[in-house]
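Visitor: model_16.csv (CSV, C-alpha atoms) pasted underneath:
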chain,number,residue,atom,x,y,z
P,1,MET,CA,141.3,-120.9,-13.8
P,2,TRP,CA,138.8,-123.3,-12.2
P,3,ARG,CA,139.4,-121.4,-9.0
P,4,ALA,CA,138.4,-118.1,-10.7
P,5,ILE,CA,135.3,-119.7,-12.2
P,6,ALA,CA,134.3,-121.1,-8.8
P,7,SER,CA,134.9,-117.7,-7.2
P,8,ASN,CA,132.8,-116.0,-9.8
P,9,ALA,CA,130.0,-118.6,-9.5
P,10,LEU,CA,130.0,-118.1,-5.7
P,11,THR,CA,129.8,-114.4,-6.1
P,12,PHE,CA,126.9,-114.7,-8.5
P,13,PHE,CA,125.1,-117.1,-6.2
P,14,ILE,CA,125.5,-114.7,-3.3
P,15,LEU,CA,124.2,-111.9,-5.4
P,16,ILE,CA,121.2,-114.0,-6.3
P,17,LEU,CA,120.6,-114.7,-2.6
P,18,ILE,CA,120.9,-111.0,-1.8
P,19,VAL,CA,118.4,-110.1,-4.6
P,20,ALA,CA,116.0,-112.8,-3.5
P,21,ALA,CA,116.2,-111.7,0.1
P,22,GLY,CA,115.6,-108.1,-1.0
P,23,LEU,CA,112.6,-109.1,-3.1
P,24,LEU,CA,111.3,-111.2,-0.2
P,25,ALA,CA,111.6,-108.3,2.2
P,26,TRP,CA,110.0,-105.9,-0.3
P,27,GLY,CA,107.2,-108.3,-0.9
P,28,ARG,CA,106.6,-108.8,2.8
P,29,GLN,CA,106.6,-105.1,3.4
P,30,ALA,CA,104.2,-104.6,0.5
P,31,TYR,CA,101.9,-107.3,1.8
P,32,ASN,CA,101.9,-106.2,5.5
P,33,GLY,CA,102.5,-102.5,5.1
P,34,PRO,CA,99.9,-99.7,4.6
P,35,GLY,CA,97.9,-99.9,1.4
P,36,PRO,CA,97.5,-97.2,-1.3
P,37,LEU,CA,93.8,-96.3,-0.6
P,38,ALA,CA,93.3,-92.6,0.3
P,39,GLN,CA,89.6,-93.1,1.0
P,40,ALA,CA,87.4,-96.0,1.7
P,41,VAL,CA,85.9,-98.1,-1.2
P,42,CYS,CA,83.1,-100.6,-1.3
P,43,PHE,CA,84.5,-103.8,-2.9
P,44,LYS,CA,82.3,-106.6,-4.0
P,45,VAL,CA,83.4,-110.3,-4.2
P,46,GLU,CA,81.2,-111.9,-6.9
P,47,ARG,CA,79.9,-115.3,-6.2
P,48,GLY,CA,82.4,-117.9,-7.4
P,49,ALA,CA,85.1,-115.4,-8.1
P,50,SER,CA,88.7,-116.7,-8.2
P,51,LEU,CA,91.6,-115.2,-6.3
P,52,ALA,CA,93.1,-114.0,-9.6
P,53,GLN,CA,89.9,-112.2,-10.5
P,54,VAL,CA,89.6,-110.6,-7.1
P,55,SER,CA,93.3,-109.6,-7.1
P,56,ARG,CA,92.9,-107.8,-10.4
P,57,ALA,CA,89.7,-106.1,-9.3
P,58,LEU,CA,91.3,-104.9,-6.1
P,59,ALA,CA,94.2,-103.5,-8.0
P,60,ALA,CA,91.9,-101.8,-10.5
P,61,GLN,CA,90.1,-100.1,-7.6
P,62,GLY,CA,93.3,-99.0,-6.1
P,63,ALA,CA,92.8,-101.1,-2.9
P,64,ILE,CA,96.1,-102.9,-3.3
P,65,SER,CA,99.4,-102.0,-5.0
P,66,ASP,CA,100.3,-105.3,-6.6
P,67,ALA,CA,97.9,-108.1,-7.6
P,68,ARG,CA,100.7,-110.7,-7.8
P,69,ILE,CA,101.9,-110.0,-4.2
P,70,PHE,CA,98.4,-110.2,-3.0
P,71,ARG,CA,97.9,-113.6,-4.6
P,72,ILE,CA,101.2,-115.0,-3.3
P,73,GLY,CA,100.4,-113.7,0.2
P,74,ALA,CA,96.9,-115.2,0.2
P,75,GLU,CA,98.3,-118.6,-1.0
P,76,TYR,CA,101.1,-118.6,1.5
P,77,THR,CA,98.6,-118.0,4.4
P,78,ASP,CA,96.2,-120.7,3.0
P,79,LYS,CA,93.5,-118.1,2.3
P,80,ALA,CA,93.4,-118.4,-1.4
P,81,GLY,CA,90.4,-120.6,-1.5
P,82,ALA,CA,88.5,-119.0,1.4
P,83,LEU,CA,87.1,-115.9,-0.3
P,84,LYS,CA,83.5,-115.1,0.8
P,85,PHE,CA,80.9,-113.6,-1.4
P,86,GLY,CA,79.7,-110.2,-0.4
P,87,SER,CA,80.4,-106.5,-0.3
P,88,TYR,CA,83.1,-105.1,1.9
P,89,LEU,CA,84.1,-101.6,3.1
P,90,ILE,CA,87.8,-101.4,2.7
P,91,GLN,CA,89.3,-98.6,4.9
P,92,PRO,CA,91.9,-96.1,3.8
P,93,GLY,CA,95.5,-97.4,4.2
P,94,ALA,CA,94.3,-101.0,4.7
P,95,SER,CA,97.2,-103.5,4.2
P,96,MET,CA,96.9,-106.5,1.9
P,97,VAL,CA,96.8,-108.8,4.9
P,98,GLN,CA,93.9,-106.8,6.3
P,99,VAL,CA,92.1,-106.9,3.0
P,100,ILE,CA,92.5,-110.7,2.6
P,101,ASP,CA,91.4,-111.2,6.2
P,102,GLN,CA,88.3,-109.1,5.6
P,103,LEU,CA,87.4,-110.9,2.3
P,104,THR,CA,87.7,-114.3,4.0
P,105,ALA,CA,86.0,-113.6,7.3
P,106,GLY,CA,82.4,-113.9,6.0
P,107,GLY,CA,79.3,-112.6,7.7
P,108,GLN,CA,77.1,-109.8,6.7
P,109,SER,CA,78.2,-107.4,3.9
P,110,SER,CA,79.7,-104.3,5.5
P,111,CYS,CA,78.8,-101.9,2.6
P,112,GLY,CA,76.7,-101.6,-0.5
P,113,ARG,CA,72.9,-101.5,-0.3
P,114,GLU,CA,70.7,-102.3,2.7
P,115,VAL,CA,66.9,-102.7,3.1
P,116,ASN,CA,65.6,-101.4,6.4
P,117,PHE,CA,62.1,-102.6,7.2
P,118,ARG,CA,60.9,-100.1,9.9
P,119,ILE,CA,58.0,-100.7,12.3
P,120,SER,CA,57.1,-97.5,14.1
P,121,VAL,CA,54.1,-96.3,16.1
P,122,ASN,CA,52.3,-94.5,13.4
P,123,SER,CA,53.5,-96.3,10.2
P,124,THR,CA,55.5,-99.1,8.7
P,125,ASP,CA,57.8,-98.3,5.9
P,126,VAL,CA,60.7,-99.8,3.9
P,127,VAL,CA,63.8,-97.9,3.2
P,128,LEU,CA,66.4,-98.8,0.6
P,129,ARG,CA,69.7,-97.1,1.4
P,130,GLU,CA,73.3,-97.2,0.3
P,131,LEU,CA,76.5,-96.7,2.2
P,132,ASP,CA,78.6,-93.8,0.9
P,133,PRO,CA,82.2,-95.2,1.5
P,134,ALA,CA,83.7,-91.6,1.6
P,135,THR,CA,81.5,-90.6,4.6
P,136,ASN,CA,80.6,-94.0,6.0
P,137,ARG,CA,77.0,-92.8,6.1
P,138,TYR,CA,73.9,-94.3,4.5
P,139,VAL,CA,72.1,-92.4,1.8
P,140,GLU,CA,68.4,-93.0,1.2
P,141,VAL,CA,67.7,-94.3,-2.2
P,142,VAL,CA,63.9,-94.9,-2.0
P,143,LYS,CA,61.3,-95.3,0.7
P,144,PHE,CA,57.8,-96.7,0.5
P,145,ASP,CA,54.8,-98.0,2.5
P,146,PRO,CA,54.6,-101.8,2.0
P,147,ALA,CA,50.8,-101.7,2.5
P,148,ALA,CA,50.2,-99.0,-0.1
P,149,GLY,CA,50.8,-101.2,-3.2
P,150,ALA,CA,53.6,-102.6,-5.4
P,151,ALA,CA,57.1,-101.8,-4.4
P,152,PRO,CA,59.0,-99.3,-6.6
P,153,PRO,CA,61.1,-101.0,-9.4
P,154,GLU,CA,64.3,-99.6,-8.0
P,155,TYR,CA,63.6,-101.4,-4.7
P,156,SER,CA,62.6,-104.7,-6.4
P,157,GLU,CA,65.8,-104.8,-8.5
P,158,ALA,CA,68.1,-104.0,-5.5
P,159,ALA,CA,66.3,-106.4,-3.1
P,160,ALA,CA,66.9,-109.3,-5.5
P,161,ALA,CA,70.6,-108.8,-5.3
P,162,ASP,CA,72.5,-111.6,-3.5
P,163,ASP,CA,74.6,-109.2,-1.4
P,164,ILE,CA,71.7,-107.0,-0.1
P,165,ARG,CA,71.7,-106.5,3.6
P,166,LEU,CA,68.3,-106.9,5.3
P,167,ARG,CA,67.3,-105.3,8.6
P,168,VAL,CA,64.2,-105.0,10.7
P,169,THR,CA,64.0,-102.0,13.0
P,170,VAL,CA,61.3,-101.9,15.7
P,171,ALA,CA,60.8,-98.4,17.2
P,172,GLU,CA,60.4,-97.8,20.9
P,173,GLY,CA,56.7,-97.6,22.0
P,174,VAL,CA,55.2,-99.9,19.4
P,175,THR,CA,52.7,-102.5,20.5
P,176,SER,CA,53.2,-106.2,20.0
P,177,TRP,CA,50.2,-106.2,17.7
P,178,GLN,CA,51.9,-103.6,15.5
P,179,VAL,CA,55.1,-105.7,15.4
P,180,VAL,CA,53.3,-108.8,14.3
P,181,GLU,CA,51.3,-106.9,11.6
P,182,GLY,CA,54.4,-105.2,10.4
P,183,LEU,CA,56.4,-108.5,10.1
P,184,LYS,CA,53.6,-110.0,8.1
P,185,ARG,CA,54.3,-107.4,5.4
P,186,ALA,CA,58.1,-108.1,5.3
P,187,GLU,CA,58.3,-110.1,2.1
P,188,PHE,CA,61.8,-111.3,2.7
P,189,LEU,CA,60.7,-113.2,5.8
P,190,THR,CA,58.9,-116.5,6.0
P,191,GLY,CA,56.6,-118.4,8.4
P,192,GLU,CA,53.3,-117.7,10.1
P,193,LEU,CA,52.6,-115.7,13.2
P,194,ASP,CA,49.5,-117.0,14.8
P,195,GLN,CA,49.7,-115.2,18.2
P,196,VAL,CA,50.5,-111.7,19.4
P,197,PRO,CA,53.2,-111.8,22.1
P,198,PRO,CA,52.5,-110.4,25.5
P,199,GLU,CA,52.7,-106.6,25.6
P,200,GLY,CA,56.1,-105.3,26.7
P,201,SER,CA,57.9,-108.5,25.9
P,202,LEU,CA,59.6,-107.4,22.7
P,203,ALA,CA,62.8,-105.4,22.6
P,204,PRO,CA,62.7,-102.3,20.3
P,205,ASP,CA,65.9,-102.5,18.4
P,206,SER,CA,67.5,-103.1,14.9
P,207,TYR,CA,67.8,-106.7,13.9
P,208,GLU,CA,69.9,-108.0,11.0
P,209,VAL,CA,68.2,-110.9,9.3
P,210,GLU,CA,68.8,-113.3,6.4
P,211,ARG,CA,66.5,-113.7,3.5
P,212,GLY,CA,63.9,-116.4,4.3
P,213,ALA,CA,64.4,-115.9,8.1
P,214,ASP,CA,61.5,-117.2,10.1
P,215,ARG,CA,59.2,-114.6,11.6
P,216,ALA,CA,58.5,-116.6,14.8
P,217,ALA,CA,62.3,-117.0,15.3
P,218,LEU,CA,62.7,-113.2,15.0
P,219,ILE,CA,60.0,-112.6,17.5
P,220,GLY,CA,61.8,-115.1,19.8
P,221,GLU,CA,65.0,-113.1,19.4
P,222,MET,CA,63.2,-109.9,20.3
P,223,ALA,CA,61.7,-111.5,23.4
P,224,ASP,CA,65.0,-113.0,24.5
P,225,ARG,CA,66.7,-109.6,24.2
P,226,GLN,CA,64.0,-107.9,26.2
P,227,LEU,CA,64.4,-110.4,29.0
P,228,ARG,CA,68.1,-109.8,29.1
P,229,ILE,CA,67.7,-106.1,29.2
P,230,MET,CA,65.2,-106.2,32.1
P,231,ALA,CA,67.4,-108.7,34.0
P,232,ASP,CA,70.5,-106.5,33.6
P,233,LEU,CA,68.7,-103.3,34.7
P,234,TRP,CA,66.6,-104.9,37.4
P,235,ALA,CA,69.8,-105.9,39.1
P,236,ALA,CA,70.9,-102.3,39.2
P,237,ARG,CA,67.6,-100.7,40.2
P,238,ALA,CA,67.2,-98.0,42.8
P,239,PRO,CA,66.1,-99.0,46.3
P,240,ASP,CA,62.5,-98.6,47.7
P,241,LEU,CA,60.7,-98.4,44.4
P,242,PRO,CA,56.9,-98.7,44.6
P,243,TYR,CA,56.8,-101.8,42.4
P,244,GLU,CA,58.2,-105.2,43.5
P,245,THR,CA,58.6,-107.3,40.4
P,246,PRO,CA,60.2,-106.9,36.9
P,247,GLU,CA,56.7,-107.2,35.4
P,248,GLU,CA,55.5,-104.2,37.3
P,249,ALA,CA,58.6,-102.3,36.3
P,250,MET,CA,57.9,-103.1,32.7
P,251,VAL,CA,54.4,-101.6,33.1
P,252,MET,CA,55.9,-98.4,34.4
P,253,ALA,CA,58.6,-98.3,31.7
P,254,SER,CA,55.9,-98.6,29.0
P,255,ILE,CA,54.0,-95.6,30.4
P,256,VAL,CA,57.2,-93.6,30.5
P,257,GLU,CA,57.9,-94.6,26.9
P,258,LYS,CA,54.5,-93.4,25.7
P,259,GLU,CA,54.6,-90.2,27.7
P,260,THR,CA,57.8,-88.6,26.4
P,261,ALA,CA,60.0,-88.9,23.3
P,262,VAL,CA,62.6,-86.6,24.9
P,263,ALA,CA,65.5,-88.6,26.2
P,264,GLU,CA,66.5,-86.1,28.9
P,265,GLU,CA,63.0,-86.2,30.4
P,266,ARG,CA,62.5,-89.9,30.9
P,267,HIS,CA,63.9,-90.1,34.4
P,268,ARG,CA,62.0,-87.1,35.5
P,269,VAL,CA,58.7,-88.4,34.0
P,270,ALA,CA,59.3,-91.7,35.8
P,271,SER,CA,59.9,-89.7,39.1
P,272,VAL,CA,56.4,-88.1,38.7
P,273,PHE,CA,54.7,-91.4,38.5
P,274,VAL,CA,56.8,-93.0,41.3
P,275,ASN,CA,56.0,-90.0,43.5
P,276,ARG,CA,52.3,-90.3,42.8
P,277,LEU,CA,52.3,-94.1,43.6
P,278,ARG,CA,54.1,-93.4,46.8
P,279,GLN,CA,51.5,-90.8,47.9
P,280,GLY,CA,48.6,-93.0,46.8
P,281,MET,CA,47.6,-90.7,43.9
P,282,ARG,CA,46.2,-92.0,40.7
P,283,LEU,CA,48.6,-91.9,37.8
P,284,GLN,CA,46.1,-90.1,35.5
P,285,THR,CA,48.0,-90.7,32.3
P,286,ASP,CA,46.3,-90.5,28.9
P,287,PRO,CA,48.3,-93.2,27.1
P,288,THR,CA,46.9,-95.9,29.4
P,289,VAL,CA,43.3,-94.7,28.6
P,290,ILE,CA,44.1,-94.9,24.9
P,291,TYR,CA,45.4,-98.4,25.3
P,292,GLY,CA,42.2,-99.4,27.1
P,293,ILE,CA,40.3,-98.2,24.0
P,294,THR,CA,42.5,-99.5,21.2
P,295,LYS,CA,43.9,-102.6,22.9
P,296,GLY,CA,47.2,-101.7,21.2
P,297,GLU,CA,45.7,-102.5,17.7
P,298,GLY,CA,46.8,-99.3,16.0
P,299,VAL,CA,46.6,-95.6,17.0
P,300,LEU,CA,43.5,-93.8,18.2
P,301,GLY,CA,44.0,-91.0,15.7
P,302,ARG,CA,42.1,-88.3,17.7
P,303,GLY,CA,41.9,-86.7,21.1
P,304,LEU,CA,40.4,-88.4,24.1
P,305,ARG,CA,36.8,-87.6,24.9
P,306,GLN,CA,35.7,-86.7,28.4
P,307,SER,CA,33.4,-89.7,28.5
P,308,GLU,CA,36.4,-91.9,27.7
P,309,LEU,CA,38.4,-90.4,30.6
P,310,ARG,CA,35.5,-91.2,32.9
P,311,ARG,CA,34.8,-94.7,31.5
P,312,GLU,CA,36.1,-97.5,33.8
P,313,THR,CA,38.4,-99.9,32.1
P,314,PRO,CA,41.3,-101.9,33.6
P,315,TYR,CA,43.7,-99.4,31.9
P,316,ASN,CA,42.0,-96.1,32.8
P,317,THR,CA,44.4,-94.7,35.4
P,318,TYR,CA,42.0,-91.7,35.9
P,319,VAL,CA,39.7,-94.3,37.5
P,320,ILE,CA,41.8,-97.1,38.8
P,321,ASP,CA,44.4,-97.0,41.6
P,322,GLY,CA,48.0,-97.9,41.0
P,323,LEU,CA,49.4,-99.4,37.9
P,324,PRO,CA,47.3,-100.9,35.0
P,325,PRO,CA,47.3,-104.7,34.7
P,326,GLY,CA,50.0,-104.8,32.1
P,327,PRO,CA,52.3,-102.8,29.8
P,328,ILE,CA,50.7,-100.6,27.2
P,329,ALA,CA,53.6,-100.9,24.7
P,330,ASN,CA,57.1,-102.3,24.2
P,331,PRO,CA,59.5,-99.9,26.0
P,332,GLY,CA,63.1,-99.5,25.0
P,333,ARG,CA,66.1,-99.9,27.2
P,334,ALA,CA,66.3,-96.2,28.1
P,335,ALA,CA,62.7,-96.1,29.3
P,336,ILE,CA,63.2,-99.3,31.4
P,337,GLU,CA,66.3,-97.8,32.9
P,338,ALA,CA,64.4,-94.6,33.8
P,339,ALA,CA,61.6,-96.6,35.4
P,340,LEU,CA,64.1,-98.5,37.6
P,341,ASN,CA,66.2,-95.4,38.4
P,342,PRO,CA,63.9,-92.4,38.4
P,343,ASP,CA,65.1,-88.9,39.3
P,344,GLY,CA,64.9,-88.0,43.0
P,345,SER,CA,62.5,-85.1,42.3
P,346,ASP,CA,59.4,-84.1,44.2
P,347,PHE,CA,57.3,-83.3,41.0
P,348,LEU,CA,53.8,-84.6,40.9
P,349,PHE,CA,52.5,-83.2,37.6
P,350,PHE,CA,53.6,-82.4,34.1
P,351,VAL,CA,52.0,-81.1,30.9
P,352,ALA,CA,53.2,-80.4,27.4
P,353,ASP,CA,55.1,-77.1,27.1
P,354,GLY,CA,54.8,-76.5,23.3
P,355,THR,CA,58.4,-77.4,22.5
P,356,GLY,CA,58.0,-81.2,22.4
P,357,GLY,CA,58.9,-81.5,26.0
P,358,HIS,CA,57.0,-80.9,29.3
P,359,ALA,CA,56.6,-78.4,32.1
P,360,PHE,CA,56.8,-80.1,35.5
P,361,ALA,CA,55.1,-78.9,38.7
P,362,ARG,CA,55.1,-79.8,42.4
P,363,THR,CA,51.7,-78.4,43.3
P,364,LEU,CA,48.3,-78.3,41.7
P,365,ASP,CA,48.4,-74.5,41.4
P,366,GLU,CA,51.7,-74.6,39.6
P,367,HIS,CA,50.3,-77.4,37.3
P,368,ASN,CA,47.2,-75.4,36.5
P,369,ALA,CA,49.3,-72.4,35.5
P,370,ASN,CA,51.3,-74.6,33.2
P,371,VAL,CA,48.1,-76.1,31.7
P,372,ALA,CA,46.8,-72.6,31.1
P,373,LYS,CA,50.0,-71.8,29.2
P,374,TRP,CA,49.7,-74.9,27.1
P,375,ARG,CA,46.0,-74.2,26.3
P,376,ALA,CA,47.1,-70.7,25.1
P,377,ILE,CA,49.8,-72.3,22.9
P,378,GLU,CA,47.2,-74.8,21.5
P,379,ALA,CA,44.8,-72.0,20.7
P,380,GLU,CA,47.6,-70.0,18.9
P,381,MET,CA,48.6,-73.1,16.9
P,382,GLN,CA,44.9,-73.7,15.9
P,383,ARG,CA,44.6,-70.0,14.7
P,384,ALA,CA,47.8,-70.4,12.7
P,385,GLN,CA,46.5,-73.6,11.1
P,386,GLU,CA,43.2,-72.0,10.2
P,387,ALA,CA,45.0,-69.0,8.7
P,388,GLU,CA,47.1,-71.3,6.5
P,389,GLY,CA,43.9,-73.1,5.4
P,390,ASN,CA,42.4,-69.8,4.3
The structure in this file should be written as structure tokens.
Guide:
Amino acid sequence: MWRAIASNALTFFILILIVAAGLLAWGRQAYNGPGPLAQAVCFKVERGASLAQVSRALAAQGAISDARIFRIGAEYTDKAGALKFGSYLIQPGASMVQVIDQLTAGGQSSCGREVNFRISVNSTDVVLRELDPATNRYVEVVKFDPAAGAAPPEYSEAAAADDIRLRVTVAEGVTSWQVVEGLKRAEFLTGELDQVPPEGSLAPDSYEVERGADRAALIGEMADRQLRIMADLWAARAPDLPYETPEEAMVMASIVEKETAVAEERHRVASVFVNRLRQGMRLQTDPTVIYGITKGEGVLGRGLRQSELRRETPYNTYVIDGLPPGPIANPGRAAIEAALNPDGSDFLFFVADGTGGHAFARTLDEHNANVAKWRAIEAEMQRAQEAEGN
């Protein structure tokens, strides 16, 4: 009798072990295996939220299959108390282990709303945009000029959120004065800017910042990045260039940046100026003349006058030989690379072609023909504008 009882107890114990092992294997598979999400979702961890609250919210959004397994797994891996406040883009099929890793890694929010403070050549604007998890693309919510008055209520409400992402974007070809003036209007930054950095010393790029970040520190980051870009590209420059220092190369890069917005043309435009320098020809480029007038403090807003083309300034390349004394803007990486590795062309001239690009020529006769075509296009455009006005 006792033997039978012992045998039954042993059998029952073995069954319990088998069930426990099965449950453990099932739990491990559920925790490590693909999750139930069919499309990405943006999940927000509220400030001070507990693991239990986060687990239930994840399950409610369909990001995990079982809140209890998620909590047990997080506790077992010592991540239960490491949740980081913010908004996170959880990808389709993400496992529980991937989700907990994401929610405890910290750093900038990877979804939700973002403020992009954009400094460009002709304007400064603020864009509030929101990431669409389904397409992983940002959708514009509202845009406004920070110098035009009060911000829209929708922006003010969103910008006050703890998990808002903040970004400053500096466009290629802006001047250092424009960067400084733009940053002064960024209300989420702090600190004074007493000086304008040297022209060409700031890297046009997109910079993620924290609320209350120091403006001078951001300027320093831009300058450090531009130094690294030039150092990298200078080391890989073409041989026998007609400029001997990185500073001279930056001057050329700034001219290339201001002359064309067409990416495919940059190396060709650079080749024209390199060829002219090699032959002792003046550069004769309008953007340098404009810089001599404005000193980089805003845009000219009109065409150049003949008297301005003849006026002698350190930047008037119709009058001076060689390069002007300094950059005329902050060039981007692509323009610097073009200045250091121009095409091997024999072009000496170019003029606008009416499509946004330029027509290139080897001889003055070819160039004059291209100019005549451009003048005809200009006249036609003027007639069309006058017709619309009537």
Visitor: Measuring atom to atom with all atoms listed in the file, identify which of P:Pro239, P:Pro204, P:Gly326, P:Gly112 is nearest to Leu89 in chain P.
Guide: P:Gly112
Visitor: With all atoms listed in the file as the counted atoms, please give the residues lying no more than 6 Å from range 57-74 of chain P, apart from itself and same-chain residues fewer than 6 positions off, as an MDAnalysis selection string.
Guide: chainID P and resid 35 37 80
Visitor: Could you give me, as an MDAnalysis selection string, the residues that sit within 10 Å of (64.5, -91.0, -3.2) in the file's coordinates, counting all atoms listed in the file?
Guide: chainID P and resid 127:129 139:144 154
Visitor: What does the distance from CA of Gly220 in chain P to CA of Leu202 in chain P come to in Å, to one decimal?
Guide: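 These atoms are spaced 8.5 Å apart.
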Visitor: Have a look at P:Ala147, P:Val121, P:Leu309, P:Ala49 and name the one nearest to Glu297 in chain P; count only C-alpha atoms.
Guide: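 Answer, going by the shortest atom-to-atom distance: P:Val121.
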Visitor: Could you check how far CA of Ala235 in chain P sits from CA of Ser254 in chain P, in Å to one decimal?
Guide: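 If I compute the distance from CA of Ala235 in chain P to CA of Ser254 in chain P, I get 18.7 Å.
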Visitor: Under the rule that only C-alpha atoms are counted, which of P:Met222, P:Ala236, P:Val209, P:Val174 is the nearest residue to Tyr291 in chain P?
Guide: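 Nearest to Tyr291 in chain P: P:Val174.
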Visitor: Just give me the residues with any atom within 6 Å of (47.7, -77.8, 38.5), file coordinates, counting only C-alpha atoms, written as a list of chain:residue names.
Guide: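 Residues with an atom at most 6 Å from (47.7, -77.8, 38.5): P:Leu364, P:Asp365, P:Glu366, P:His367, P:Asn368.
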Visitor: So the first atom is CA of Ile219 in chain P and the second is CA of Ile290 in chain P; what is the distance between them in Å, to one decimal place?
Guide: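 CA of Ile290 in chain P lies at a distance of 24.9 Å from CA of Ile219 in chain P.
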Visitor: Go through P:Val99, P:Ala213, P:Leu323, P:Leu241 and flag the residue nearest Arg282 in chain P, using only C-alpha atoms for the distances.
Guide: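 Of P:Val99, P:Ala213, P:Leu323, P:Leu241, the one nearest Arg282 in chain P, counting only C-alpha atoms, is P:Leu323.
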Visitor: Would you kindly return, as a list in words, each protein, DNA or RNA residue with an atom no farther than 7 Å from any atom of range 343-352 of chain P, considering all atoms listed in the file and excluding same-chain residues fewer than 3 positions away?
Guide: His267, Arg268, Ser271, Val272, Asn275, Arg276, Gly356, Gly357, His358, Ala359, Phe360, Ala361, Arg362, Thr363, His367, Asn370, Val371 and Trp374 of chain P
Visitor: Applying 6 Å and all atoms listed in the file, which residues near range 257-266 of chain P remain after dropping the ones on its own chain fewer than 2 positions away? List them as a ChimeraX atom specification.
Guide: /P:173,254-255,268-269,331,335,338
Visitor: Can you pull out the residues contacting Leu304 in chain P? Cut-off 10 Å, using all atoms listed in the file, and skip same-chain residues under 2 positions away; I want them as a short mmCIF file (atom, residue, chain, number, x, y, z; two decimals) with C-alpha atoms, in the coordinates of the input.
Guide:
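Writing done, so here's around.cif:
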data_model
loop_
_atom_site.label_atom_id
_atom_site.label_comp_id
_atom_site.auth_asym_id
_atom_site.auth_seq_id
_atom_site.Cartn_x
_atom_site.Cartn_y
_atom_site.Cartn_z
CA ASP P 286 46.30 -90.50 28.90
CA PRO P 287 48.30 -93.20 27.10
CA VAL P 289 43.30 -94.70 28.60
CA ILE P 290 44.10 -94.90 24.90
CA ILE P 293 40.30 -98.20 24.00
CA LEU P 300 43.50 -93.80 18.20
CA GLY P 301 44.00 -91.00 15.70
CA ARG P 302 42.10 -88.30 17.70
CA GLN P 306 35.70 -86.70 28.40
CA SER P 307 33.40 -89.70 28.50
CA GLU P 308 36.40 -91.90 27.70
CA LEU P 309 38.40 -90.40 30.60
#
Visitor: As a VMD selection string, please: the residues near Val45 in chain P (cut-off 7 Å, all atoms listed in the file, same-chain neighbours under 3 positions excluded).
Guide: chain P and resid 49 54 84 to 87
Visitor: With distances taken over all atoms listed in the file, which of P:Thr313, P:Ser109, P:Gln226, P:Ser123 is nearest to Glu210 in chain P?
Guide: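 Among the listed residues, the smallest separation from Glu210 in chain P belongs to P:Ser109.
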Visitor: Give the answer as one residue: which of P:Ile328, P:Ala105, P:Leu218, P:Ala238 has the shortest atom-to-atom distance to Met252 in chain P, using all atoms listed in the file?
Guide: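 Of the candidates, the smallest distance to Met252 in chain P is held by P:Ile328.
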Visitor: Could you rebuild range 290-298 of chain P with N, CA, C and O atoms and give me the result as a CSV table (one decimal), in the frame of the given file?
Guide:
chain,number,residue,atom,x,y,z
P,290,ILE,N,44.1,-94.6,26.4
P,290,ILE,CA,44.1,-94.9,24.9
P,290,ILE,C,44.3,-96.4,24.7
P,290,ILE,O,43.6,-97.0,23.9
P,291,TYR,N,45.2,-97.0,25.5
P,291,TYR,CA,45.4,-98.4,25.3
P,291,TYR,C,44.1,-99.2,25.7
P,291,TYR,O,43.8,-100.2,25.1
P,292,GLY,N,43.4,-98.7,26.7
P,292,GLY,CA,42.2,-99.4,27.1
P,292,GLY,C,41.1,-99.4,26.0
P,292,GLY,O,40.3,-100.2,25.9
P,293,ILE,N,41.2,-98.4,25.1
P,293,ILE,CA,40.3,-98.2,24.0
P,293,ILE,C,40.7,-99.0,22.8
P,293,ILE,O,40.0,-99.8,22.2
P,294,THR,N,42.0,-98.9,22.4
P,294,THR,CA,42.5,-99.5,21.2
P,294,THR,C,43.0,-101.0,21.4
P,294,THR,O,43.2,-101.7,20.4
P,295,LYS,N,43.3,-101.3,22.6
P,295,LYS,CA,43.9,-102.6,22.9
P,295,LYS,C,45.3,-102.8,22.2
P,295,LYS,O,45.7,-103.9,22.0
P,296,GLY,N,45.9,-101.7,21.8
P,296,GLY,CA,47.2,-101.7,21.2
P,296,GLY,C,47.1,-102.0,19.7
P,296,GLY,O,48.1,-102.2,19.0
P,297,GLU,N,45.9,-102.1,19.2
P,297,GLU,CA,45.7,-102.5,17.7
P,297,GLU,C,45.6,-101.2,16.9
P,297,GLU,O,44.5,-100.8,16.5
P,298,GLY,N,46.7,-100.5,16.7
P,298,GLY,CA,46.8,-99.3,16.0
P,298,GLY,C,46.7,-98.1,16.9
P,298,GLY,O,46.7,-98.2,18.1
